[in-house]
file coords-v2.cif (mmCIF, C-alpha atoms)
data_protein
#
loop_
_atom_site.label_atom_id
_atom_site.label_comp_id
_atom_site.auth_asym_id
_atom_site.auth_seq_id
_atom_site.Cartn_x
_atom_site.Cartn_y
_atom_site.Cartn_z
CA MET A 1 0.00 0.00 0.00
CA ALA A 2 1.44 3.39 -1.05
CA ARG A 3 2.17 5.84 1.74
CA LEU A 4 2.87 9.56 1.58
CA SER A 5 5.94 10.71 3.47
CA ALA A 6 6.19 13.96 5.39
CA LEU A 7 8.15 15.47 2.50
CA GLY A 8 5.47 14.25 0.11
CA SER A 9 2.81 15.99 2.19
CA LEU A 10 4.90 19.16 2.21
CA THR A 11 5.16 18.94 -1.58
CA LEU A 12 1.38 18.85 -1.99
CA LEU A 13 1.05 21.85 0.32
CA CYS A 14 3.68 23.75 -1.69
CA ILE A 15 1.77 23.01 -4.90
CA SER A 16 -1.43 24.27 -3.28
CA SER A 17 0.24 27.57 -2.38
CA LEU A 18 0.66 28.35 -6.09
CA THR A 19 -3.06 29.06 -6.44
CA ILE A 20 -2.84 32.32 -4.49
CA MET A 21 0.36 33.36 -6.29
CA VAL A 22 -1.05 33.30 -9.81
CA GLY A 23 -2.30 36.88 -9.89
CA SER A 24 -0.88 38.43 -6.76
CA ILE A 25 2.86 38.47 -7.47
CA VAL A 26 2.47 41.26 -10.04
CA ALA A 27 0.75 43.49 -7.45
CA PRO A 28 3.85 45.07 -5.80
CA ALA A 29 5.18 46.35 -9.16
CA LEU A 30 1.85 46.61 -10.97
CA PRO A 31 2.31 50.13 -12.44
CA SER A 32 5.78 49.30 -13.83
CA ILE A 33 4.73 45.89 -15.14
CA ALA A 34 1.64 47.35 -16.80
CA LEU A 35 3.77 50.02 -18.49
CA HIS A 36 6.31 47.54 -19.89
CA LEU A 37 3.60 45.14 -21.11
CA GLY A 38 1.54 47.87 -22.76
CA MET A 39 -1.29 47.42 -20.23
CA THR A 40 -1.48 50.86 -18.62
CA ASP A 41 -5.21 51.12 -19.37
CA TYR A 42 -5.95 47.62 -18.04
CA ALA A 43 -3.48 47.28 -15.16
CA SER A 44 -5.88 45.72 -12.65
CA LEU A 45 -6.75 42.96 -15.13
CA LEU A 46 -3.22 41.61 -14.76
CA ILE A 47 -4.29 40.51 -11.28
CA THR A 48 -7.90 39.46 -11.93
CA LEU A 49 -7.73 37.81 -15.39
CA PRO A 50 -6.23 34.54 -14.07
CA SER A 51 -9.31 34.25 -11.84
CA LEU A 52 -11.50 34.53 -14.93
CA GLY A 53 -9.41 31.81 -16.57
CA VAL A 54 -10.08 29.51 -13.63
CA VAL A 55 -13.82 30.17 -13.86
CA ILE A 56 -13.93 29.45 -17.59
CA PHE A 57 -11.76 26.34 -17.69
CA ALA A 58 -12.43 24.68 -14.32
CA PRO A 59 -15.12 22.27 -15.67
CA PHE A 60 -12.68 21.02 -18.32
CA ALA A 61 -9.96 20.59 -15.69
CA GLY A 62 -12.26 18.37 -13.63
CA ARG A 63 -13.04 16.14 -16.58
CA LEU A 64 -9.35 15.77 -17.37
CA ILE A 65 -8.59 14.74 -13.78
CA ASP A 66 -11.38 12.15 -13.70
CA LYS A 67 -10.29 10.74 -17.07
CA TYR A 68 -6.48 10.79 -16.87
CA GLY A 69 -5.84 10.91 -13.12
CA ALA A 70 -4.80 13.66 -10.73
CA TYR A 71 -1.10 12.78 -10.77
CA HIS A 72 -0.55 13.18 -14.51
CA CYS A 73 -2.82 16.23 -14.76
CA THR A 74 -1.10 18.00 -11.87
CA SER A 75 2.32 17.27 -13.39
CA LEU A 76 1.25 18.77 -16.71
CA ALA A 77 -0.34 21.76 -14.97
CA LEU A 78 2.85 22.55 -13.03
CA PHE A 79 4.96 22.49 -16.19
CA LEU A 80 2.56 24.81 -18.04
CA TYR A 81 2.18 27.05 -14.98
CA GLY A 82 5.89 27.79 -14.98
CA ALA A 83 6.10 28.21 -18.76
CA LEU A 84 3.10 30.54 -19.06
CA GLY A 85 4.04 32.51 -15.96
CA ILE A 86 7.64 33.22 -16.90
CA SER A 87 6.83 33.96 -20.56
CA GLY A 88 4.41 36.70 -19.52
CA GLN A 89 7.28 39.18 -19.13
CA TRP A 90 8.16 38.95 -22.84
CA LEU A 91 4.69 39.76 -24.18
CA TYR A 92 3.36 43.15 -25.21
CA GLY A 93 -0.11 44.46 -25.89
CA PRO A 94 -3.52 43.67 -24.40
CA GLU A 95 -4.38 40.79 -26.75
CA MET A 96 -1.31 38.65 -26.06
CA VAL A 97 -1.24 39.48 -22.36
CA PHE A 98 -4.96 38.72 -21.96
CA ILE A 99 -4.53 35.31 -23.60
CA ASN A 100 -1.50 34.52 -21.45
CA ARG A 101 -3.18 35.47 -18.16
CA ILE A 102 -6.40 33.60 -18.96
CA LEU A 103 -4.47 30.44 -19.94
CA LEU A 104 -2.44 30.80 -16.74
CA GLY A 105 -5.76 30.76 -14.88
CA ALA A 106 -6.75 27.61 -16.76
CA VAL A 107 -3.67 25.67 -15.59
CA THR A 108 -4.19 27.10 -12.10
CA ALA A 109 -7.62 25.45 -12.05
CA LEU A 110 -5.99 22.15 -12.99
CA THR A 111 -3.28 22.68 -10.35
CA MET A 112 -5.74 23.50 -7.58
CA ALA A 113 -8.18 20.67 -8.30
CA GLY A 114 -5.38 18.19 -8.99
CA SER A 115 -3.44 18.88 -5.79
CA THR A 116 -6.61 18.66 -3.69
CA THR A 117 -7.58 15.39 -5.39
CA LEU A 118 -4.14 13.99 -4.57
CA ILE A 119 -4.56 15.00 -0.93
CA SER A 120 -7.97 13.29 -0.85
CA GLN A 121 -6.40 10.09 -2.22
CA PHE A 122 -3.80 9.82 0.53
CA TYR A 123 -5.82 11.01 3.56
CA PHE A 124 -9.19 9.91 4.93
CA GLY A 125 -11.65 10.97 7.61
CA HIS A 126 -10.39 13.36 10.28
CA LYS A 127 -6.82 13.17 8.93
CA ARG A 128 -8.14 14.48 5.64
CA LEU A 129 -9.77 17.45 7.39
CA VAL A 130 -6.48 18.19 9.18
CA MET A 131 -4.65 18.11 5.85
CA MET A 132 -7.28 20.32 4.22
CA ALA A 133 -6.81 22.81 7.06
CA LYS A 134 -3.06 22.74 6.43
CA GLN A 135 -3.78 23.29 2.75
CA GLY A 136 -5.76 26.41 3.61
CA MET A 137 -2.87 27.57 5.76
CA ALA A 138 -0.44 26.94 2.90
CA VAL A 139 -2.55 28.95 0.46
CA GLU A 140 -2.75 32.01 2.73
CA LEU A 141 0.85 31.72 3.93
CA GLY A 142 1.88 31.53 0.28
CA GLY A 143 0.11 34.84 -0.25
CA VAL A 144 2.18 36.44 2.49
CA VAL A 145 5.52 34.96 1.37
CA PHE A 146 5.07 35.46 -2.37
CA LEU A 147 3.87 39.06 -2.03
CA PHE A 148 6.85 39.86 0.18
CA ALA A 149 9.29 38.12 -2.20
CA ALA A 150 7.76 39.81 -5.25
CA GLY A 151 8.17 43.19 -3.61
CA LEU A 152 11.85 42.54 -2.92
CA LEU A 153 12.48 41.32 -6.47
CA ALA A 154 10.65 44.29 -7.96
CA ILE A 155 13.18 46.63 -6.32
CA ASN A 156 15.86 45.25 -8.66
CA SER A 157 13.81 45.13 -11.87
CA TRP A 158 10.18 45.32 -12.95
CA ASN A 159 10.26 41.80 -14.49
CA GLN A 160 11.99 39.88 -11.70
CA PRO A 161 8.72 38.96 -9.92
CA PHE A 162 7.93 36.77 -12.94
CA LEU A 163 10.82 34.50 -11.90
CA LEU A 164 8.70 33.29 -8.98
CA TYR A 165 6.56 31.35 -11.45
CA ALA A 166 9.56 29.02 -11.89
CA LEU A 167 8.78 27.62 -8.45
CA ALA A 168 6.15 25.50 -10.21
CA TRP A 169 9.01 23.60 -11.90
CA VAL A 170 10.74 23.14 -8.54
CA PHE A 171 7.54 21.72 -7.05
CA LEU A 172 7.10 19.51 -10.12
CA GLY A 173 10.50 17.97 -9.48
CA MET A 174 9.63 17.46 -5.82
CA MET A 175 6.36 15.81 -6.78
CA LEU A 176 7.98 13.37 -9.21
CA LEU A 177 10.54 12.42 -6.55
CA LEU A 178 8.45 12.43 -3.36
CA VAL A 179 4.80 11.75 -4.26
CA PRO A 180 4.00 8.20 -5.41
CA ASN A 181 1.75 7.63 -8.40
CA LYS A 182 -0.10 4.93 -6.43
CA TYR A 183 -2.29 5.63 -3.44
CA PRO A 184 -4.13 3.58 -0.79
CA SER A 185 -7.74 2.58 -1.31
CA ASP A 186 -10.45 4.71 0.30
CA PRO A 187 -11.99 2.72 3.19
CA ASP A 188 -15.28 4.58 2.68
CA ALA A 189 -15.40 4.11 -1.09
CA ALA A 190 -17.88 1.24 -0.92
CA ASN A 191 -20.22 3.26 1.29
CA ARG A 192 -20.00 6.25 -1.03
CA GLN A 193 -20.80 4.19 -4.11
CA SER A 194 -23.65 2.29 -2.43
CA THR A 195 -25.55 5.28 -1.09
CA THR A 196 -26.59 6.86 -4.38
CA ALA A 197 -30.16 6.88 -3.17
CA THR A 198 -29.28 9.72 -0.80
CA GLN A 199 -27.64 11.95 -3.41
CA VAL A 200 -27.93 15.68 -2.81
CA SER A 201 -26.62 18.64 -4.75
CA LEU A 202 -23.31 20.33 -4.06
CA ARG A 203 -24.83 23.61 -5.18
CA PRO A 204 -25.10 25.09 -1.63
CA ILE A 205 -21.42 24.35 -0.99
CA PHE A 206 -20.30 26.04 -4.20
CA ILE A 207 -22.53 29.07 -3.66
CA THR A 208 -21.22 29.39 -0.11
CA SER A 209 -17.62 29.12 -1.36
CA CYS A 210 -18.20 31.91 -3.87
CA ILE A 211 -19.88 34.16 -1.29
CA ALA A 212 -17.19 33.47 1.34
CA MET A 213 -14.37 34.37 -1.04
CA THR A 214 -16.21 37.51 -2.16
CA LEU A 215 -16.62 38.61 1.47
CA PHE A 216 -12.97 37.96 2.25
CA PHE A 217 -11.40 39.39 -0.89
CA SER A 218 -13.56 42.52 -0.95
CA GLY A 219 -11.48 43.78 1.94
CA PHE A 220 -8.31 43.41 -0.13
CA VAL A 221 -9.90 45.47 -2.92
CA VAL A 222 -11.41 48.30 -0.87
CA LEU A 223 -9.06 48.58 2.12
CA PRO A 224 -6.12 50.05 0.15
CA ILE A 225 -8.43 52.89 -0.93
CA THR A 226 -10.05 53.61 2.44
CA MET A 227 -6.80 53.24 4.37
CA LYS A 228 -5.02 55.63 2.02
CA HIS A 229 -7.83 58.15 2.54
CA SER A 230 -7.23 57.75 6.29
CA GLY A 231 -3.56 58.62 5.88
CA TYR A 232 -1.91 55.20 5.86
CA THR A 233 1.11 54.74 3.61
CA GLU A 234 1.50 51.94 1.04
CA ASP A 235 3.91 49.94 3.17
CA LYS A 236 1.56 50.02 6.16
CA ILE A 237 -1.35 48.94 3.93
CA GLY A 238 0.76 46.05 2.63
CA PHE A 239 1.73 44.96 6.13
CA PHE A 240 -1.91 45.07 7.22
CA LEU A 241 -3.09 42.89 4.32
CA ALA A 242 -0.31 40.42 5.12
CA PHE A 243 -1.49 40.46 8.74
CA VAL A 244 -5.03 39.49 7.61
CA SER A 245 -3.62 36.54 5.69
CA LEU A 246 -1.56 35.53 8.70
CA MET A 247 -4.69 35.52 10.87
CA ALA A 248 -6.31 33.18 8.33
CA VAL A 249 -3.31 30.84 8.59
CA ILE A 250 -3.51 30.74 12.39
CA THR A 251 -7.28 30.16 12.38
CA ALA A 252 -7.05 27.33 9.85
CA HIS A 253 -4.70 25.57 12.27
CA PHE A 254 -7.53 25.35 14.81
CA LEU A 255 -10.23 24.40 12.27
CA PRO A 256 -10.20 20.62 12.99
CA LYS A 257 -10.83 21.17 16.71
CA ILE A 258 -13.57 23.72 16.07
CA TYR A 259 -15.18 21.48 13.46
CA THR A 260 -15.23 18.52 15.85
CA ARG A 261 -17.42 20.51 18.23
CA CYS A 262 -19.52 22.58 15.82
CA GLN A 263 -19.73 20.46 12.63
CA ASP A 264 -20.56 21.91 9.19
CA LYS A 265 -23.37 24.32 9.92
CA GLY A 266 -22.01 25.58 13.21
CA THR A 267 -18.52 26.24 11.89
CA LEU A 268 -19.79 28.04 8.79
CA SER A 269 -22.16 30.10 10.91
CA ILE A 270 -19.25 31.26 13.04
CA ALA A 271 -17.23 32.07 9.90
CA PHE A 272 -19.93 34.25 8.35
CA GLY A 273 -20.60 35.93 11.68
CA PHE A 274 -16.94 36.97 11.79
CA TYR A 275 -17.11 38.14 8.17
CA ALA A 276 -19.97 40.46 9.17
CA LEU A 277 -18.06 41.73 12.19
CA SER A 278 -14.93 42.35 10.13
CA HIS A 279 -16.71 44.59 7.64
CA CYS A 280 -18.46 46.45 10.44
CA ALA A 281 -15.02 47.14 11.90
CA TYR A 282 -13.69 48.21 8.48
CA TYR A 283 -16.66 50.56 8.07
CA PHE A 284 -15.86 52.39 11.33
CA GLY A 285 -12.14 51.66 11.21
CA GLU A 286 -10.05 54.74 10.76
CA THR A 287 -8.00 54.03 13.87
CA ALA A 288 -5.39 51.29 13.90
CA SER A 289 -6.95 49.37 16.80
CA ILE A 290 -10.33 48.95 15.06
CA LEU A 291 -8.66 48.02 11.77
CA ILE A 292 -6.58 45.36 13.51
CA LEU A 293 -9.72 43.97 15.11
CA GLY A 294 -11.36 43.85 11.67
CA GLY A 295 -8.32 42.09 10.24
CA ILE A 296 -8.49 39.44 12.95
CA PHE A 297 -12.20 38.89 12.31
CA SER A 298 -11.64 38.62 8.54
CA GLY A 299 -8.83 36.09 8.97
CA VAL A 300 -11.01 34.00 11.28
CA GLY A 301 -13.80 34.04 8.70
CA PHE A 302 -11.53 32.75 5.95
CA GLY A 303 -9.79 30.16 8.12
CA LEU A 304 -13.12 28.63 9.17
CA SER A 305 -14.82 28.73 5.75
CA ILE A 306 -12.73 28.03 2.64
CA PRO A 307 -10.69 25.07 4.03
CA LEU A 308 -13.86 23.53 5.48
CA LEU A 309 -15.84 23.95 2.24
CA ASN A 310 -12.94 22.33 0.40
CA HIS A 311 -13.11 19.39 2.81
CA MET A 312 -16.89 19.17 2.46
CA THR A 313 -16.58 18.97 -1.32
CA VAL A 314 -14.22 16.01 -0.99
CA GLU A 315 -16.18 14.21 1.70
CA LYS A 316 -19.51 14.54 -0.11
CA SER A 317 -18.15 13.34 -3.48
CA ALA A 318 -17.76 9.84 -4.84
CA PRO A 319 -14.20 9.00 -5.96
CA SER A 320 -15.40 8.73 -9.56
CA ASN A 321 -16.47 12.38 -9.75
CA ARG A 322 -14.22 13.98 -7.15
CA GLY A 323 -12.03 15.71 -9.72
CA LYS A 324 -15.06 17.27 -11.39
CA ASN A 325 -16.51 18.47 -8.11
CA LEU A 326 -13.20 19.93 -6.93
CA SER A 327 -12.85 21.79 -10.21
CA TYR A 328 -16.25 23.36 -9.61
CA PHE A 329 -15.12 24.28 -6.12
CA ALA A 330 -12.07 26.01 -7.63
CA MET A 331 -14.36 27.79 -10.08
CA ALA A 332 -16.59 29.01 -7.24
CA VAL A 333 -13.67 30.31 -5.18
CA PHE A 334 -12.07 32.20 -8.04
CA LEU A 335 -15.42 33.51 -9.23
CA GLY A 336 -15.82 35.08 -5.80
CA GLN A 337 -12.39 36.66 -6.17
CA PHE A 338 -13.14 37.91 -9.70
CA LEU A 339 -16.48 39.44 -8.66
CA THR A 340 -14.66 41.77 -6.29
CA SER A 341 -13.26 43.51 -9.38
CA PHE A 342 -16.66 45.19 -9.74
CA ILE A 343 -17.29 46.00 -6.09
CA GLU A 344 -16.06 49.58 -6.50
CA LEU A 345 -18.92 50.17 -8.95
CA LEU A 346 -21.48 50.06 -6.13
CA PRO A 347 -23.17 53.46 -5.69
CA GLY A 348 -22.30 55.70 -2.78
CA ASN A 349 -19.16 56.39 -0.82
CA ILE A 350 -16.44 53.73 -1.14
CA ARG A 351 -16.61 53.07 2.60
CA SER A 352 -20.30 52.19 2.27
CA VAL A 353 -19.19 49.03 0.45
CA PHE A 354 -18.24 47.60 3.84
CA ALA A 355 -21.78 48.16 5.14
CA VAL A 356 -23.29 46.41 2.12
CA VAL A 357 -20.91 43.45 2.46
CA ALA A 358 -21.65 43.18 6.20
CA ILE A 359 -25.39 43.00 5.45
CA VAL A 360 -24.76 40.30 2.82
CA ALA A 361 -22.78 38.30 5.40
CA VAL A 362 -25.63 38.49 7.92
CA LEU A 363 -28.24 37.49 5.35
CA TYR A 364 -26.15 34.53 4.24
CA LEU A 365 -25.62 33.52 7.85
CA ILE A 366 -29.40 33.20 8.10
CA TYR A 367 -29.45 31.22 4.84
CA ILE A 368 -26.88 28.76 6.20
CA GLN A 369 -29.22 27.85 9.06
CA THR A 370 -31.71 26.41 6.56
CA CYS A 371 -29.34 24.83 3.99
CA PHE A 372 -26.63 22.89 5.77
CA LYS A 373 -28.05 19.82 7.47
CA ARG A 374 -25.57 17.07 8.18
CA GLN A 375 -26.57 13.64 6.89
CA PRO A 376 -24.35 10.63 7.50
CA ASN A 377 -22.85 8.77 4.52
CA GLU A 378 -24.44 10.98 1.90
CA THR A 379 -23.00 11.02 -1.61
CA VAL A 380 -23.15 14.20 -3.61
CA GLU A 381 -23.35 14.39 -7.39
CA LEU A 382 -23.18 17.46 -9.56
CA ASP A 383 -25.63 16.40 -12.21
CA SER A 384 -27.83 19.42 -11.55
CA LEU A 385 -24.99 21.73 -12.61
CA THR A 386 -23.74 19.82 -15.65
#
call {"tool": "encode", "arguments": {"input": "coords-v2.cif", "output": "structure tokens"}}
result
Amino acid sequence: MARLSALGSLTLLCISSLTIMVGSIVAPALPSIALHLGMTDYASLLITLPSLGVVIFAPFAGRLIDKYGAYHCTSLALFLYGALGISGQWLYGPEMVFINRILLGAVTALTMAGSTTLISQFYFGHKRLVMMAKQGMAVELGGVVFLFAAGLLAINSWNQPFLLYALAWVFLGMMLLLVPNKYPSDPDAANRQSTTATQVSLRPIFITSCIAMTLFFSGFVVLPITMKHSGYTEDKIGFFLAFVSLMAVITAHFLPKIYTRCQDKGTLSIAFGFYALSHCAYYFGETASILILGGIFSGVGFGLSIPLLNHMTVEKSAPSNRGKNLSYFAMAVFLGQFLTSFIELLPGNIRSVFAVVAIVAVLYLIYIQTCFKRQPNETVELDSLT
């Protein structure tokens, strides 16, 4: 029976961290990069277009994983991730850059769904939840590390942040050396395949994933504007956003213990309650103390929602359609991130966005009370969405 070593587990977590890096590493030098790529009129799209690529191509990624296997698909995705990422610095003009960033999003969808499928093949039950929590920590910690590294590289040259995409090739080598292409059998597979009579839709999980990511990422879109109006400098804004991500990492560490006591509905209710509190704090937060409180609340919301929803997608899927379901989960998460591109278009003062988002969080908290009812040994199909 194939076993995954500690280094193999670390490899899968490193691969997972690439999902947050895809658009964010151009952020520290965005004006310079946009100028050199001929994208001055579309600078923000350099960050958000990969998310659109994930949304468009995620269903195809899931079908590839279910047909050819997560190991081969993830290997291919890592190779293309590095190639498309690095080559972006040599392109010029909106057309070529748009195509490159959207295709980069496509391989990110394959990377995200493939790495999660691999985790689900080596871990089961509570150990799987623990690993999913670590995966959430890796994603957010990757955001902190890669943003910091990209900022340092950008000091030397506008195009040096693109070199970080080569890490995908490093992780590919680690995967080929440390992650076996064979995995142990799922002890619950027979139960999952034999309980088709209790199939339910994954639609509530995907909707919740999209809403949760929108609530979390809206802070990253609006806070730089409101904090600058309050007199904070760019470096302090950057440190604060990194602090929010760090809070998400810490919270995800405690997710398994919280989940054991509160289960699906309870944990998600807590998460959306903290999302609401965070945006209330942001709305009134011109002082550092209130902003820090809001950052803690936002990090708690993410740490208790996205990793858990990822785990729920795995647990409520049959092995035969797990890749497809995880690709839809990736699509939902990145759709939530992409939707925040339009949040500034809401009428009224920019700070009023926080009030609107807080109300949405409260309303969805009420919705969760009626949608998430735990049923033992249920198998979830996605036929209603395909």
call {"tool": "atom_distance", "arguments": {"input": "coords-v2.cif", "atom1": "CA of Gly301 (chain A)", "atom2": "CA of Leu246 (chain A)"}}
result
12.3 Å
call {"tool": "closest_atom_pairs", "arguments": {"input": "coords-v2.cif", "of": "region 173-291 of chain A", "to": "region 114-136 of chain A", "cutoff": "12 Å", "atoms": "all atoms listed in the file", "output": "JSON lines"}}
result
{"residue": "A:Met175", "atom": "CA", "partner": "A:Ser115", "partner_atom": "CA", "distance": 10.3}
{"residue": "A:Val179", "atom": "CA", "partner": "A:Leu118", "partner_atom": "CA", "distance": 9.2}
{"residue": "A:Pro180", "atom": "CA", "partner": "A:Phe122", "partner_atom": "CA", "distance": 9.9}
{"residue": "A:Asn181", "atom": "CA", "partner": "A:Leu118", "partner_atom": "CA", "distance": 9.5}
{"residue": "A:Lys182", "atom": "CA", "partner": "A:Gln121", "partner_atom": "CA", "distance": 9.2}
{"residue": "A:Tyr183", "atom": "CA", "partner": "A:Phe122", "partner_atom": "CA", "distance": 6.0}
{"residue": "A:Pro184", "atom": "CA", "partner": "A:Phe122", "partner_atom": "CA", "distance": 6.4}
{"residue": "A:Ser185", "atom": "CA", "partner": "A:Gln121", "partner_atom": "CA", "distance": 7.7}
{"residue": "A:Asp186", "atom": "CA", "partner": "A:Phe124", "partner_atom": "CA", "distance": 7.1}
{"residue": "A:Pro187", "atom": "CA", "partner": "A:Phe124", "partner_atom": "CA", "distance": 7.9}
{"residue": "A:Asp188", "atom": "CA", "partner": "A:Phe124", "partner_atom": "CA", "distance": 8.4}
{"residue": "A:Ala189", "atom": "CA", "partner": "A:Phe124", "partner_atom": "CA", "distance": 10.4}
{"residue": "A:Ser245", "atom": "CA", "partner": "A:Gly136", "partner_atom": "CA", "distance": 10.6}
{"residue": "A:Leu246", "atom": "CA", "partner": "A:Gly136", "partner_atom": "CA", "distance": 11.3}
{"residue": "A:Met247", "atom": "CA", "partner": "A:Gly136", "partner_atom": "CA", "distance": 11.7}
{"residue": "A:Ala248", "atom": "CA", "partner": "A:Gly136", "partner_atom": "CA", "distance": 8.3}
{"residue": "A:Val249", "atom": "CA", "partner": "A:Gly136", "partner_atom": "CA", "distance": 7.1}
{"residue": "A:Ile250", "atom": "CA", "partner": "A:Lys134", "partner_atom": "CA", "distance": 10.0}
{"residue": "A:Thr251", "atom": "CA", "partner": "A:Ala133", "partner_atom": "CA", "distance": 9.1}
{"residue": "A:Ala252", "atom": "CA", "partner": "A:Ala133", "partner_atom": "CA", "distance": 5.3}
{"residue": "A:His253", "atom": "CA", "partner": "A:Ala133", "partner_atom": "CA", "distance": 6.3}
{"residue": "A:Phe254", "atom": "CA", "partner": "A:Ala133", "partner_atom": "CA", "distance": 8.2}
{"residue": "A:Leu255", "atom": "CA", "partner": "A:Ala133", "partner_atom": "CA", "distance": 6.4}
{"residue": "A:Pro256", "atom": "CA", "partner": "A:Val130", "partner_atom": "CA", "distance": 5.9}
{"residue": "A:Lys257", "atom": "CA", "partner": "A:Val130", "partner_atom": "CA", "distance": 9.2}
{"residue": "A:Ile258", "atom": "CA", "partner": "A:Ala133", "partner_atom": "CA", "distance": 11.3}
{"residue": "A:Tyr259", "atom": "CA", "partner": "A:Leu129", "partner_atom": "CA", "distance": 9.1}
{"residue": "A:Thr260", "atom": "CA", "partner": "A:His126", "partner_atom": "CA", "distance": 9.0}
{"residue": "A:Gln263", "atom": "CA", "partner": "A:Leu129", "partner_atom": "CA", "distance": 11.6}
{"residue": "A:Asp264", "atom": "CA", "partner": "A:Leu129", "partner_atom": "CA", "distance": 11.8}
call {"tool": "resolve_selection", "arguments": {"input": "coords-v2.cif", "expression": "the PyMOL selection byres ((chain A and resi 273) around 12)", "output": "VMD selection string"}}
result
chain A and resid 212 215 266 to 272 274 to 280 297 to 298 300 to 302 304 to 305 357 to 366 368
call {"tool": "write_last_selection", "arguments": {"input": "coords-v2.cif", "atoms": "C-alpha atoms", "output": "PDB file, keeping the file's coordinate frame"}}
result
ATOM      1  CA  ALA A 212     -17.190  33.470   1.340  1.00  0.00           C
ATOM      2  CA  LEU A 215     -16.620  38.610   1.470  1.00  0.00           C
ATOM      3  CA  GLY A 266     -22.010  25.580  13.210  1.00  0.00           C
ATOM      4  CA  THR A 267     -18.520  26.240  11.890  1.00  0.00           C
ATOM      5  CA  LEU A 268     -19.790  28.040   8.790  1.00  0.00           C
ATOM      6  CA  SER A 269     -22.160  30.100  10.910  1.00  0.00           C
ATOM      7  CA  ILE A 270     -19.250  31.260  13.040  1.00  0.00           C
ATOM      8  CA  ALA A 271     -17.230  32.070   9.900  1.00  0.00           C
ATOM      9  CA  PHE A 272     -19.930  34.250   8.350  1.00  0.00           C
ATOM     10  CA  PHE A 274     -16.940  36.970  11.790  1.00  0.00           C
ATOM     11  CA  TYR A 275     -17.110  38.140   8.170  1.00  0.00           C
ATOM     12  CA  ALA A 276     -19.970  40.460   9.170  1.00  0.00           C
ATOM     13  CA  LEU A 277     -18.060  41.730  12.190  1.00  0.00           C
ATOM     14  CA  SER A 278     -14.930  42.350  10.130  1.00  0.00           C
ATOM     15  CA  HIS A 279     -16.710  44.590   7.640  1.00  0.00           C
ATOM     16  CA  CYS A 280     -18.460  46.450  10.440  1.00  0.00           C
ATOM     17  CA  PHE A 297     -12.200  38.890  12.310  1.00  0.00           C
ATOM     18  CA  SER A 298     -11.640  38.620   8.540  1.00  0.00           C
ATOM     19  CA  VAL A 300     -11.010  34.000  11.280  1.00  0.00           C
ATOM     20  CA  GLY A 301     -13.800  34.040   8.700  1.00  0.00           C
ATOM     21  CA  PHE A 302     -11.530  32.750   5.950  1.00  0.00           C
ATOM     22  CA  LEU A 304     -13.120  28.630   9.170  1.00  0.00           C
ATOM     23  CA  SER A 305     -14.820  28.730   5.750  1.00  0.00           C
ATOM     24  CA  VAL A 357     -20.910  43.450   2.460  1.00  0.00           C
ATOM     25  CA  ALA A 358     -21.650  43.180   6.200  1.00  0.00           C
ATOM     26  CA  ILE A 359     -25.390  43.000   5.450  1.00  0.00           C
ATOM     27  CA  VAL A 360     -24.760  40.300   2.820  1.00  0.00           C
ATOM     28  CA  ALA A 361     -22.780  38.300   5.400  1.00  0.00           C
ATOM     29  CA  VAL A 362     -25.630  38.490   7.920  1.00  0.00           C
ATOM     30  CA  LEU A 363     -28.240  37.490   5.350  1.00  0.00           C
ATOM     31  CA  TYR A 364     -26.150  34.530   4.240  1.00  0.00           C
ATOM     32  CA  LEU A 365     -25.620  33.520   7.850  1.00  0.00           C
ATOM     33  CA  ILE A 366     -29.400  33.200   8.100  1.00  0.00           C
ATOM     34  CA  ILE A 368     -26.880  28.760   6.200  1.00  0.00           C
TER      35      ILE A 368
END
call {"tool": "residues_around", "arguments": {"input": "coords-v2.cif", "residues": "Arg322 (chain A)", "least_positions_apart": "5", "cutoff": "12 Å", "atoms": "all atoms listed in the file", "output": "PyMOL selection string"}}
result
chain A and resi 59+61-67+69-70+113-121+189+192+202+310-317+327-329+379-382
call {"tool": "closest_residue", "arguments": {"input": "coords-v2.cif", "among": "A:Ala355, A:Leu76, A:Val54, A:Leu35", "to": "Gly173 (chain A)", "atoms": "all atoms listed in the file"}}
result
A:Leu76
call {"tool": "resolve_selection", "arguments": {"input": "coords-v2.cif", "expression": "the PyMOL selection byres ((chain A and resi 44) around 10)", "output": "ChimeraX atom specification"}}
result
/A:23,26-27,30-31,34,39-43,45-49,341
call {"tool": "atom_distance", "arguments": {"input": "coords-v2.cif", "atom1": "CA of Thr287 (chain A)", "atom2": "CA of Thr233 (chain A)"}}
result
13.7 Å
call {"tool": "build_atoms", "arguments": {"input": "coords-v2.cif", "residues": "region 175-180 of chain A", "atoms": "N, CA and C atoms", "output": "mmCIF file, in the coordinates of the input"}}
result
data_model
loop_
_atom_site.group_PDB
_atom_site.id
_atom_site.type_symbol
_atom_site.label_atom_id
_atom_site.label_comp_id
_atom_site.auth_asym_id
_atom_site.auth_seq_id
_atom_site.Cartn_x
_atom_site.Cartn_y
_atom_site.Cartn_z
ATOM 1 N N MET A 175 7.482 16.729 -6.670
ATOM 2 C CA MET A 175 6.360 15.810 -6.780
ATOM 3 C C MET A 175 6.776 14.498 -7.436
ATOM 4 N N LEU A 176 7.544 14.580 -8.514
ATOM 5 C CA LEU A 176 7.980 13.370 -9.210
ATOM 6 C C LEU A 176 8.875 12.509 -8.321
ATOM 7 N N LEU A 177 9.624 13.151 -7.420
ATOM 8 C CA LEU A 177 10.540 12.420 -6.550
ATOM 9 C C LEU A 177 9.879 11.915 -5.266
ATOM 10 N N LEU A 178 8.922 12.676 -4.725
ATOM 11 C CA LEU A 178 8.450 12.430 -3.360
ATOM 12 C C LEU A 178 7.003 11.946 -3.258
ATOM 13 N N VAL A 179 6.214 12.151 -4.309
ATOM 14 C CA VAL A 179 4.800 11.750 -4.260
ATOM 15 C C VAL A 179 4.598 10.534 -5.151
ATOM 16 N N PRO A 180 4.209 9.397 -4.584
ATOM 17 C CA PRO A 180 4.000 8.200 -5.410
ATOM 18 C C PRO A 180 2.793 8.322 -6.313
#
